[in-house]
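File shown here: work-v1.txt, holding compact mmCIF, C-alpha atoms.
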# COMPACT_ATOMS: atom_id res chain seq x y z
CA MET A 1 146.35 191.12 115.79
CA LYS A 2 143.01 190.69 117.47
CA LEU A 3 141.31 192.07 114.37
CA SER A 4 143.06 189.50 112.15
CA ALA A 5 142.09 186.61 114.46
CA TYR A 6 138.55 187.95 114.64
CA GLN A 7 138.32 188.14 110.80
CA THR A 8 139.75 184.59 110.44
CA GLU A 9 137.22 183.25 112.97
CA LEU A 10 134.39 185.15 111.24
CA LYS A 11 135.37 183.73 107.82
CA LYS A 12 135.46 180.20 109.29
CA LEU A 13 131.99 180.66 110.83
CA LEU A 14 130.58 182.06 107.58
CA ASP A 15 132.01 179.07 105.66
CA GLN A 16 130.43 176.70 108.16
CA ARG A 17 127.11 178.51 107.94
CA ASN A 18 127.20 178.39 104.13
CA GLY A 19 128.07 174.68 104.21
CA TYR A 20 125.18 173.91 106.54
CA LEU A 21 122.90 176.09 104.43
CA MET A 22 123.84 174.08 101.32
CA LEU A 23 123.33 170.81 103.20
CA SER A 24 119.94 171.97 104.50
CA SER A 25 118.86 173.10 101.02
CA GLY A 26 119.87 169.73 99.56
CA LEU A 27 117.97 167.85 102.27
CA LEU A 28 114.90 170.04 101.73
CA ILE A 29 114.91 169.29 98.01
CA LEU A 30 115.41 165.56 98.68
CA THR A 31 112.53 165.58 101.19
CA MET A 32 110.24 167.25 98.66
CA ILE A 33 111.16 164.69 95.98
CA LEU A 34 110.55 161.78 98.38
CA SER A 35 107.22 163.27 99.48
CA LEU A 36 106.07 163.51 95.87
CA LEU A 37 107.22 159.94 95.24
CA ILE A 38 105.25 158.69 98.27
CA LEU A 39 102.12 160.50 97.07
CA PHE A 40 102.55 159.02 93.60
CA LEU A 41 103.05 155.46 94.89
CA CYS A 42 100.37 155.59 97.59
CA GLY A 43 97.78 152.87 96.93
CA ARG A 44 100.10 150.82 94.71
CA GLU A 45 101.34 148.51 97.42
CA ARG A 46 101.59 144.79 96.80
CA ILE A 47 101.89 141.93 99.19
CA VAL A 48 104.02 139.17 97.71
CA LEU A 49 103.34 135.69 99.05
CA VAL A 50 106.11 133.12 98.88
CA THR A 51 105.86 129.78 100.62
CA PRO A 52 108.10 126.72 100.43
CA THR A 53 105.45 124.73 98.55
CA MET A 54 104.91 127.29 95.77
CA ASN A 55 107.17 127.63 92.80
CA THR A 56 105.54 130.83 91.55
CA GLU A 57 105.25 134.28 93.03
CA LEU A 58 101.77 135.28 94.15
CA TRP A 59 100.89 138.88 94.84
CA VAL A 60 97.86 140.81 95.88
CA SER A 61 97.31 144.56 95.93
CA ASN A 62 94.43 146.65 97.21
CA LYS A 63 92.68 146.51 93.82
CA SER A 64 93.84 143.32 92.06
CA ALA A 65 95.89 140.14 92.30
CA SER A 66 98.16 137.96 90.20
CA ALA A 67 96.69 135.29 87.94
CA ASP A 68 98.14 132.54 90.13
CA TYR A 69 96.60 134.07 93.27
CA LEU A 70 93.19 134.30 91.58
CA THR A 71 93.53 130.70 90.36
CA ARG A 72 94.39 129.30 93.78
CA THR A 73 91.73 131.35 95.55
CA SER A 74 89.04 130.32 93.07
CA LEU A 75 90.01 126.65 93.36
CA TYR A 76 89.75 126.97 97.15
CA PHE A 77 86.24 128.45 96.98
CA ALA A 78 85.11 125.97 94.32
CA GLU A 79 86.28 123.08 96.47
CA LEU A 80 84.49 124.54 99.51
CA ALA A 81 81.26 124.89 97.55
CA LEU A 82 81.39 121.64 95.59
CA ASN A 83 83.11 119.08 97.85
CA VAL A 84 80.27 118.63 100.30
CA THR A 85 78.48 116.01 102.34
CA PRO A 86 75.47 116.31 104.65
CA ASP A 87 77.92 116.45 107.57
CA ASN A 88 80.19 119.26 106.34
CA VAL A 89 77.94 121.40 104.14
CA ASP A 90 77.19 123.96 106.87
CA PHE A 91 80.86 124.46 107.71
CA GLN A 92 81.88 124.68 104.04
CA GLN A 93 79.21 127.25 103.29
CA GLU A 94 80.08 129.33 106.36
CA MET A 95 83.67 129.49 105.12
CA ILE A 96 82.44 130.82 101.78
CA LEU A 97 80.16 133.39 103.41
CA ARG A 98 83.08 134.74 105.45
CA HIS A 99 84.63 135.86 102.17
CA ALA A 100 81.50 137.25 100.52
CA ASP A 101 81.28 140.94 99.79
CA PRO A 102 78.58 142.51 102.02
CA SER A 103 76.55 143.51 98.95
CA TYR A 104 76.61 139.91 97.66
CA TYR A 105 76.14 138.21 101.04
CA LYS A 106 72.37 138.67 101.07
CA ILE A 107 72.14 137.17 97.57
CA LEU A 108 74.53 134.27 98.22
CA LYS A 109 73.30 133.10 101.63
CA PRO A 110 69.72 132.07 100.69
CA GLY A 111 71.01 130.02 97.75
CA LEU A 112 73.57 128.29 99.94
CA LEU A 113 70.96 127.56 102.63
CA ASP A 114 68.56 126.05 100.07
CA ASN A 115 71.41 123.94 98.70
CA ALA A 116 72.38 122.78 102.21
CA ASP A 117 68.78 121.78 103.00
CA LYS A 118 68.56 119.74 99.79
CA ILE A 119 71.94 118.05 100.46
CA LYS A 120 70.87 117.07 103.99
CA LYS A 121 67.34 116.00 103.01
CA ASP A 122 68.41 113.84 100.05
CA HIS A 123 71.75 112.67 101.57
CA ILE A 124 73.72 114.07 98.63
CA SER A 125 77.51 114.06 98.55
CA THR A 126 79.52 115.73 95.81
CA SER A 127 83.16 115.70 94.79
CA PHE A 128 84.63 118.27 92.44
CA PHE A 129 87.67 117.59 90.28
CA PRO A 130 88.96 120.79 88.63
CA VAL A 131 90.42 120.45 85.14
CA ASP A 132 90.97 124.08 84.09
CA VAL A 133 90.80 127.63 85.36
CA LYS A 134 90.43 130.61 83.03
CA VAL A 135 91.61 133.88 84.60
CA ASP A 136 90.72 137.46 83.72
CA VAL A 137 93.09 139.52 85.88
CA LYS A 138 91.77 142.84 84.55
CA HIS A 139 88.27 142.11 85.89
CA SER A 140 89.39 139.96 88.88
CA GLU A 141 87.35 137.07 87.60
CA THR A 142 87.90 133.36 86.99
CA ILE A 143 86.00 130.48 85.47
CA VAL A 144 86.67 127.16 87.16
CA ILE A 145 85.91 124.14 84.98
CA GLY A 146 85.76 120.63 86.36
CA ASP A 147 84.00 117.34 86.77
CA LEU A 148 81.34 116.99 89.47
CA LYS A 149 80.70 113.52 90.83
CA SER A 150 77.47 113.25 92.84
CA TYR A 151 76.05 110.56 95.09
CA VAL A 152 72.53 110.30 96.41
CA GLY A 153 72.90 108.03 99.39
CA GLU A 154 74.99 105.15 98.00
CA THR A 155 73.90 105.66 94.39
CA ALA A 156 76.44 107.31 92.09
CA LEU A 157 75.08 109.71 89.50
CA PRO A 158 76.80 110.31 86.15
CA THR A 159 79.79 112.66 86.27
CA LYS A 160 78.93 116.10 84.97
CA ARG A 161 81.29 118.74 83.50
CA ILE A 162 80.46 122.11 85.10
CA SER A 163 81.86 125.64 85.06
CA TYR A 164 81.64 128.26 87.79
CA ARG A 165 82.41 131.94 87.48
CA VAL A 166 83.99 133.54 90.55
CA SER A 167 84.37 137.32 90.63
CA TYR A 168 86.15 139.36 93.27
CA ARG A 169 86.46 142.81 94.72
CA PHE A 170 89.53 143.53 96.79
CA ASN A 171 89.35 145.35 100.10
CA ALA A 172 92.42 145.81 102.30
CA PHE A 173 94.31 143.21 100.24
CA SER A 174 91.60 140.62 100.84
CA PRO A 175 89.47 139.07 98.08
CA LEU A 176 85.72 139.41 98.57
CA ILE A 177 83.39 137.30 96.43
CA ILE A 178 80.98 139.42 94.40
CA ALA A 179 79.75 136.58 92.17
CA PHE A 180 79.82 132.79 92.43
CA GLU A 181 77.58 131.18 89.87
CA GLU A 182 77.39 128.29 87.45
CA VAL A 183 77.88 129.27 83.81
CA LYS A 184 76.93 127.32 80.71
CA ASN A 185 79.35 126.70 77.83
CA ALA A 186 82.42 128.28 79.40
Show the structure stored in the file as structure tokens.
Amino acid sequence: MKLSAYQTELKKLLDQRNGYLMLSSGLLILTMILSLLILFLCGRERIVLVTPTMNTELWVSNKSASADYLTRTSLYFAELALNVTPDNVDFQQEMILRHADPSYYKILKPGLLDNADKIKKDHISTSFFPVDVKVDVKHSETIVIGDLKSYVGETALPTKRISYRVSYRFNAFSPLIIAFEEVKNA
């Protein structure tokens, strides 16, 4: 009788052990699959930006961004650079320099300082009215086209159609300016 009870208990324990062994094996395989998936997807994260005032989805990853994100960012930088007065030029240019790639900073800053000195000396004010933005998502580059209205003191100068190329490098999901220059015939 004791032998029969002992064998029944042993069979039940072996069945439990085999069940847990199967469960552990399944979890091990699942863990390996998930680990491989994580390694494959590492570096492909995207941050999706959605605000109540936007009707499109903007996203940015560690290496690129959506066309709408590049458009809005380029318009922001173009307005900082081209909507200036003698009173705000230093602030506007400091905002641009905060987003300059370190390798481009030393190229960009002297040009901005020369421009600020000229704006202050000649009492120049400019207003930029964008009319088009051409986006190259593959190269993280845009060309902002618009009309620049300039004033020297109280005297209005003729409106001029200009184009600026803005190129980016992304670092930690943040756009860094690697080129900001006027282009001809864009």
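For the point (79.7, 120.1, 85.5), the residues with at least one atom inside 8 Å, counting all atoms listed in the file, are Ile145, Gly146, Asp147, Leu148, Thr159, Lys160, Arg161, Ile162 and Ser163 of chain A.
Residues with any atom within 8 Å of region 62-76 of chain A, counting only C-alpha atoms and excluding same-chain neighbours fewer than 4 positions away, are Gly43, Arg44, Glu45, Arg46, Thr56, Glu57, Leu58, Leu80, Pro130, Val133, Lys134, Val135, Asp136, Val137, Lys138, Ser140, Glu141, Thr142, Val144, Val166, Arg169, Phe170, Asn171, Ala172, Phe173 and Ser174 of chain A.
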Output file for the selection above: C-alpha atoms, as a PDB file, in the frame of the given file:
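File produced: again-v6.pdb:
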ATOM      1  CA  GLY A  43      97.780 152.870  96.930  1.00  0.00           C
ATOM      2  CA  ARG A  44     100.100 150.820  94.710  1.00  0.00           C
ATOM      3  CA  GLU A  45     101.340 148.510  97.420  1.00  0.00           C
ATOM      4  CA  ARG A  46     101.590 144.790  96.800  1.00  0.00           C
ATOM      5  CA  THR A  56     105.540 130.830  91.550  1.00  0.00           C
ATOM      6  CA  GLU A  57     105.250 134.280  93.030  1.00  0.00           C
ATOM      7  CA  LEU A  58     101.770 135.280  94.150  1.00  0.00           C
ATOM      8  CA  LEU A  80      84.490 124.540  99.510  1.00  0.00           C
ATOM      9  CA  PRO A 130      88.960 120.790  88.630  1.00  0.00           C
ATOM     10  CA  VAL A 133      90.800 127.630  85.360  1.00  0.00           C
ATOM     11  CA  LYS A 134      90.430 130.610  83.030  1.00  0.00           C
ATOM     12  CA  VAL A 135      91.610 133.880  84.600  1.00  0.00           C
ATOM     13  CA  ASP A 136      90.720 137.460  83.720  1.00  0.00           C
ATOM     14  CA  VAL A 137      93.090 139.520  85.880  1.00  0.00           C
ATOM     15  CA  LYS A 138      91.770 142.840  84.550  1.00  0.00           C
ATOM     16  CA  SER A 140      89.390 139.960  88.880  1.00  0.00           C
ATOM     17  CA  GLU A 141      87.350 137.070  87.600  1.00  0.00           C
ATOM     18  CA  THR A 142      87.900 133.360  86.990  1.00  0.00           C
ATOM     19  CA  VAL A 144      86.670 127.160  87.160  1.00  0.00           C
ATOM     20  CA  VAL A 166      83.990 133.540  90.550  1.00  0.00           C
ATOM     21  CA  ARG A 169      86.460 142.810  94.720  1.00  0.00           C
ATOM     22  CA  PHE A 170      89.530 143.530  96.790  1.00  0.00           C
ATOM     23  CA  ASN A 171      89.350 145.350 100.100  1.00  0.00           C
ATOM     24  CA  ALA A 172      92.420 145.810 102.300  1.00  0.00           C
ATOM     25  CA  PHE A 173      94.310 143.210 100.240  1.00  0.00           C
ATOM     26  CA  SER A 174      91.600 140.620 100.840  1.00  0.00           C
TER      27      SER A 174
END
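Considering only C-alpha atoms, the residue among A:Glu181, A:Asp114, A:Asp15, A:Asp122 positioned nearest to Thr85 (chain A) is A:Asp122.
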### Query
Restricting the calculation to only C-alpha atoms, which member of A:Met22, A:Pro86, A:Ala78, A:Met95 is positioned closest to Val152 (chain A)?
A:Pro86
### Task
Could you give me, as a list in words, the residues within 10 Å of Ala156 (chain A), counting only C-alpha atoms and dropping anything in the same chain fewer than 6 positions from it?
Ile124, Ser125, Thr126, Lys149 and Ser150 of chain A
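Note that the spacing between CA of Gln7 (chain A) and CA of Gly26 (chain A) amounts to 28.4 Å.
CA of Glu182 (chain A) lies 23.9 Å from CA of Thr155 (chain A).
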Subset file as a short mmCIF file (atom, residue, chain, number, x, y, z; two decimals), in the first residue's frame: region 71-82 of chain A, all heavy atoms:
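Output contents, as saved in selection_38.cif:
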data_model
loop_
_atom_site.label_atom_id
_atom_site.label_comp_id
_atom_site.auth_asym_id
_atom_site.auth_seq_id
_atom_site.Cartn_x
_atom_site.Cartn_y
_atom_site.Cartn_z
N THR A 71 10.79 70.68 -42.04
CA THR A 71 10.21 71.93 -42.53
C THR A 71 10.02 72.93 -41.40
O THR A 71 10.45 74.08 -41.48
CB THR A 71 8.86 71.65 -43.22
OG1 THR A 71 9.08 70.80 -44.35
CG2 THR A 71 8.18 72.94 -43.66
N ARG A 72 9.38 72.48 -40.33
CA ARG A 72 9.10 73.39 -39.21
C ARG A 72 10.38 73.87 -38.53
O ARG A 72 10.49 75.03 -38.16
CB ARG A 72 8.19 72.70 -38.19
CG ARG A 72 6.79 72.51 -38.72
CD ARG A 72 5.96 71.69 -37.76
NE ARG A 72 4.69 71.33 -38.33
CZ ARG A 72 3.56 71.98 -38.12
NH1 ARG A 72 3.55 73.05 -37.35
NH2 ARG A 72 2.44 71.58 -38.67
N THR A 73 11.34 72.97 -38.39
CA THR A 73 12.60 73.36 -37.76
C THR A 73 13.36 74.36 -38.62
O THR A 73 13.90 75.35 -38.12
CB THR A 73 13.46 72.10 -37.49
OG1 THR A 73 12.71 71.19 -36.69
CG2 THR A 73 14.74 72.45 -36.76
N SER A 74 13.38 74.13 -39.92
CA SER A 74 14.08 75.05 -40.82
C SER A 74 13.41 76.41 -40.86
O SER A 74 14.08 77.45 -40.91
CB SER A 74 14.15 74.45 -42.22
OG SER A 74 14.95 73.28 -42.19
N LEU A 75 12.08 76.43 -40.85
CA LEU A 75 11.37 77.71 -40.81
C LEU A 75 11.70 78.46 -39.52
O LEU A 75 11.89 79.69 -39.53
CB LEU A 75 9.86 77.49 -40.93
CG LEU A 75 9.36 77.12 -42.32
CD1 LEU A 75 7.89 76.75 -42.27
CD2 LEU A 75 9.61 78.25 -43.31
N TYR A 76 11.80 77.74 -38.42
CA TYR A 76 12.15 78.36 -37.13
C TYR A 76 13.53 79.02 -37.21
O TYR A 76 13.70 80.18 -36.84
CB TYR A 76 12.11 77.30 -36.03
CG TYR A 76 12.65 77.76 -34.71
CD1 TYR A 76 11.97 78.69 -33.93
CD2 TYR A 76 13.86 77.26 -34.22
CE1 TYR A 76 12.47 79.11 -32.70
CE2 TYR A 76 14.36 77.67 -33.00
CZ TYR A 76 13.67 78.60 -32.25
OH TYR A 76 14.18 79.02 -31.04
N PHE A 77 14.52 78.28 -37.73
CA PHE A 77 15.87 78.83 -37.80
C PHE A 77 15.96 79.97 -38.82
O PHE A 77 16.67 80.95 -38.60
CB PHE A 77 16.89 77.74 -38.11
CG PHE A 77 17.11 76.79 -36.98
CD1 PHE A 77 17.07 75.41 -37.18
CD2 PHE A 77 17.34 77.24 -35.69
CE1 PHE A 77 17.25 74.54 -36.12
CE2 PHE A 77 17.54 76.38 -34.63
CZ PHE A 77 17.50 75.02 -34.86
N ALA A 78 15.24 79.85 -39.93
CA ALA A 78 15.24 80.93 -40.92
C ALA A 78 14.64 82.20 -40.33
O ALA A 78 15.15 83.31 -40.55
CB ALA A 78 14.47 80.51 -42.17
N GLU A 79 13.57 82.05 -39.57
CA GLU A 79 12.96 83.22 -38.95
C GLU A 79 13.88 83.83 -37.88
O GLU A 79 13.94 85.04 -37.73
CB GLU A 79 11.59 82.87 -38.38
CG GLU A 79 10.58 82.63 -39.49
CD GLU A 79 9.21 82.22 -39.00
OE1 GLU A 79 8.96 82.27 -37.78
OE2 GLU A 79 8.39 81.85 -39.86
N LEU A 80 14.59 82.98 -37.14
CA LEU A 80 15.55 83.51 -36.17
C LEU A 80 16.65 84.32 -36.87
O LEU A 80 17.05 85.38 -36.40
CB LEU A 80 16.19 82.38 -35.36
CG LEU A 80 15.40 81.77 -34.23
CD1 LEU A 80 16.17 80.60 -33.61
CD2 LEU A 80 15.08 82.80 -33.15
N ALA A 81 17.14 83.79 -37.98
CA ALA A 81 18.26 84.43 -38.66
C ALA A 81 17.84 85.66 -39.45
O ALA A 81 18.63 86.60 -39.59
CB ALA A 81 18.93 83.43 -39.60
N LEU A 82 16.61 85.66 -39.97
CA LEU A 82 16.25 86.69 -40.94
C LEU A 82 15.20 87.70 -40.45
O LEU A 82 14.94 88.68 -41.14
CB LEU A 82 15.77 86.02 -42.23
CG LEU A 82 16.82 85.10 -42.87
CD1 LEU A 82 16.22 84.28 -43.99
CD2 LEU A 82 18.01 85.90 -43.37
#
